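Data first, discussion second: the structure below is written as structure tokens.
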Amino acid sequence: MHAAPVVAGDVVIVGAAHRPGGVVKSKTNVKGFVRGFDARTGKRLWIFHTIPRSSEFGYDTWEKDSASYTGNTGVWGQISVDEQLGMAFIPVELPTGDYYGGHRPGNGLFGETVLAVDLKNRASANGTTSWCITESGTWIFRARPC
């Protein structure tokens, strides 16, 4: 399940497709991510890991190594784009176990988030996040800045 690809100028943005995480059999699942491709060549321009890897910003918000086994955080809601700003606004779903988060301690940055990704900055293979708003529906029903 994923959002339809979006074309923003010369970039095609695609979210991940995987099993839904609402009623999973274990705490693990495939990780979601968002990719930007060159519309003319098909070459991948960037990838944004919605569950950060150990060397990426936000990894420390996934406590007790929960980033290594937690999945989901895919993009199945529709991505929107402001081409004048060169930004894509990307809605990210909850991490694995939509209704229970006890096995993934920490704030889990980028899970259940609206990301604002800078499409024009090609310097980073990981994409560049300008800002995000994260809401934790599993435990705390309030928005928090990234």
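Chain identifiers are assigned as A, B, and so on, following the order in which chains appear in the structure tokens; residues are numbered from 1 within each chain, and ligands are numbered from 1 in order of appearance.
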
Excluding same-chain residues fewer than 3 positions from range 4-13 of chain A, what lies within 7 Å of it counting only C-alpha atoms, as a CSV table (one decimal) with N, CA and C atoms, in the first residue's frame?
```
chain,number,residue,atom,x,y,z
A,35,ARG,N,11.5,7.9,-2.0
A,35,ARG,CA,12.6,8.1,-3.0
A,35,ARG,C,12.3,9.1,-4.0
A,36,GLY,N,13.3,9.8,-4.5
A,36,GLY,CA,13.1,10.8,-5.6
A,36,GLY,C,13.9,10.3,-6.8
A,37,PHE,N,13.3,10.3,-7.9
A,37,PHE,CA,14.0,9.8,-9.2
A,37,PHE,C,14.0,10.9,-10.2
A,38,ASP,N,15.0,10.9,-11.0
A,38,ASP,CA,15.1,11.8,-12.2
A,38,ASP,C,14.0,11.4,-13.2
A,39,ALA,N,13.1,12.3,-13.5
A,39,ALA,CA,12.0,12.0,-14.4
A,39,ALA,C,12.5,11.6,-15.8
A,78,GLN,N,-1.5,10.7,0.2
A,78,GLN,CA,-1.1,11.4,-1.0
A,78,GLN,C,0.0,12.5,-0.7
A,79,ILE,N,1.1,12.5,-1.4
A,79,ILE,CA,2.2,13.4,-1.3
A,79,ILE,C,1.7,14.7,-2.0
A,81,VAL,N,3.0,18.8,-3.4
A,81,VAL,CA,4.2,19.5,-3.8
A,81,VAL,C,3.9,21.0,-4.0
A,83,GLU,N,5.8,23.5,-6.1
A,83,GLU,CA,7.0,23.6,-7.0
A,83,GLU,C,7.7,24.9,-6.9
```

* To do: Have a look at A:Gly15, A:Gly97, A:Gly42, A:Gly32 and name the one nearest to Phe110 in chain A; count only C-alpha atoms.
  =>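 Among the listed residues, the smallest separation from Phe110 in chain A belongs to A:Gly32.
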
* To do: Skip Val34 in chain A itself and residues of its chain fewer than 2 positions away, then list as a count of residues only all residues within 7 Å of it, counting only C-alpha atoms.
  => 7

* **For Arg104 in chain A: contacts at 9 Å, only C-alpha atoms, fewer than 6 positions along chain excluded, given as a list in words** =>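 Near Arg104 in chain A, the qualifying residues are Lys27, Trp62, Glu63, Lys64, Asp65, Ser66, Ala67, Tyr69, Thr70, Pro95 and Thr96 of chain A.
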
* To do: Using CA of Ile51 in chain A and CA of Leu119 in chain A as the two end points, give the distance in Å to one decimal.
  =>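 Straight-line distance from CA of Ile51 in chain A to CA of Leu119 in chain A works out to 19.5 Å.
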
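Of the residues in range 26-107 of chain A, those given strand (DSSP E or B) by DSSP on the backbone are Lys31, Phe33, Val34, Arg35, Gly36, Phe37, Asp38, Arg44, Leu45, Trp46, Ile47, Phe48, His49, Trp62, Asn72, Ser80, Val81, Asp82, Met87, Ala88, Phe89, Ile90, Pro91, Val92, Pro95 and Gly106 of chain A.
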
* Have a look at A:Pro105, A:Gly71, A:Pro91, A:Gly58 and name the one nearest to Lys31 in chain A; count only C-alpha atoms. => A:Gly71

* Separation of CA of Thr73 in chain A from CA of Glu112 in chain A in Å ->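 Straight-line distance from CA of Glu112 in chain A to CA of Thr73 in chain A works out to 7.0 Å.
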
* How many Å lie between CA of Asn29 in chain A and CA of Leu109 in chain A, rounded to one decimal? ->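 Taking CA of Asn29 in chain A and CA of Leu109 in chain A, their separation equals 17.1 Å.
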
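Comparing A:Ser68, A:Asp82, A:Thr50, A:Arg40 by their smallest distance to His103 in chain A, the closest is A:Ser68 (using only C-alpha atoms).
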